[in-house]
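Colleague: Encoded as structure tokens, here's the structure I'll be asking about.
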Amino acid sequence: MKKTTKERQKVALLSRRKVVLAENLFREVVPSDVIVRENPRTVTHRHTYGGLSKFFLQLTARKLYGTKCRSTSCAHTGIWLPPRVHCPDCWEKMCWVEIDTSGAKVYTHSMTNLPGAGFMLSTPCPLISVEIPGVCTKFMSYLSKFGEGEPYIGMPVKPVFRTRRPTYTILDVSWVPNE
Ligand SMILES: [Zn+2]
């Protein structure tokens with residue numbers, strides 16, 4: 001069946017839209033002899049946070065909670081952040097501890113300019129791991145406010161929380177310089 005002019009224009013427009021999307025994603029010109037395909041996918045992922053629910057609920061109250069082993073015979077005495085329900089060393093159930101972030105600082109960092117599909121933050125985005133006194137893990141997060149030359153290793157940071165329309169994901173907490 002022969003396409004009408006309007007249908008041909010629509011096909012051309014759709015094709016151009018895919019090329020523009022690809023060029024924006026890869027930040028380079030797509031040569032005219034390269035085919036750009038679009039395969040829409042829809043996935044609904046339903047799951048429970050189970051014993052970790054408290055961590056996400058407390059973010060909306062501007063509190064950061066980790067967990068600590070409750071066994072007195074366990075060699076592991078540090079606080080885990082993100083929390084674990086059971087101790088990775090002795091499998092005892094862990095207990096909740098509110099974290100004092102007053103001494104938090106950037107342990108290491110990297111800048112994300114070309115995020116993968118599903119990345120929900122704006123770019124460039126400084127990804128940081130945060131060192132907190134008393135916490136035995138380094139907390140992976142991102143810096144939501146930063147200036148020239150930031151972040152740097154050892155930079156004091158403090159957490160900020162998304163309390164309006166929380167997502168109940170790890171993105172409800174981010175860090176800013178603690179000046
Ligand atoms: Zn333990």
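Residue names in the structure tokens use chain letters A, B, ... in the order shown, residue numbers from 1 in each chain, and ligand numbers from 1 in the order shown.
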Find the spatial neighbours of Val106 in chain A, counting only C-alpha atoms, within a cut-off of 12 Å - ignore same-chain residues fewer than 3 positions away - and output them as a PyMOL selection string.

Modeller: chain A and resi 101+103+109-110+126-133+138-143+150-159+175-178

Colleague: Residues of chain A classed as strand (DSSP E) by DSSP on the backbone are to be reported as a PyMOL selection string.

Modeller: chain A and resi 65-69+79-80+94-98+105-112+125-131+139-142+157-161+173-177

Colleague: Enumerate residues in contact with ligand 1: an atom-to-atom distance of at most 6 Å, counting only C-alpha atoms and all ligand atoms. Format the result as a ChimeraX atom specification.

Modeller: /A:69,71,74,76,87,89-90,92

Colleague: For CA of Lys68 in chain A and CA of Lys54 in chain A, determine how far apart the two atoms are, in Å to one decimal place.

Modeller: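 These two atoms are separated by 14.1 Å.
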
Colleague: Which polymer residues have any atom within 12 Å of an atom of Arg84 in chain A, counting only C-alpha atoms, with same-chain residues fewer than 2 positions away left out, as a list in words?

Modeller: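 After dropping sequence-adjacent residues, the list is Tyr49, Gly50, Gly51, Leu52, Ser53, Lys54, Phe55, Tyr65, Gly66, Thr67, Lys68, Cys69, Gly78, Ile79, Trp80, Leu81, Pro82, His86, Cys87, Pro88, Asp89, Trp91, Glu92, Lys93, Met94, Cys95, Trp96, Val97 and Thr137 of chain A.
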
Colleague: Select from range 3-178 of chain A everything DSSP, run on the backbone, classes as helix (DSSP H, G or I), then give the selection as a PyMOL selection string.

Modeller: chain A and resi 5-26+50-59+170-172

Colleague: Do you know which residues are at most 10 Å from Leu21 in chain A counting only C-alpha atoms, after dropping those on the same chain fewer than 6 positions away, and could you put them as a PyMOL selection string?

Modeller: chain A and resi 27+36+38

Colleague: Report the distance between CA of Thr60 in chain A and CA of Thr163 in chain A in Å, rounded to one decimal place.

Modeller: 4.8 Å

Colleague: CA of Leu121 in chain A and CA of Val29 in chain A, how far apart in Å?

Modeller: 23.8 Å
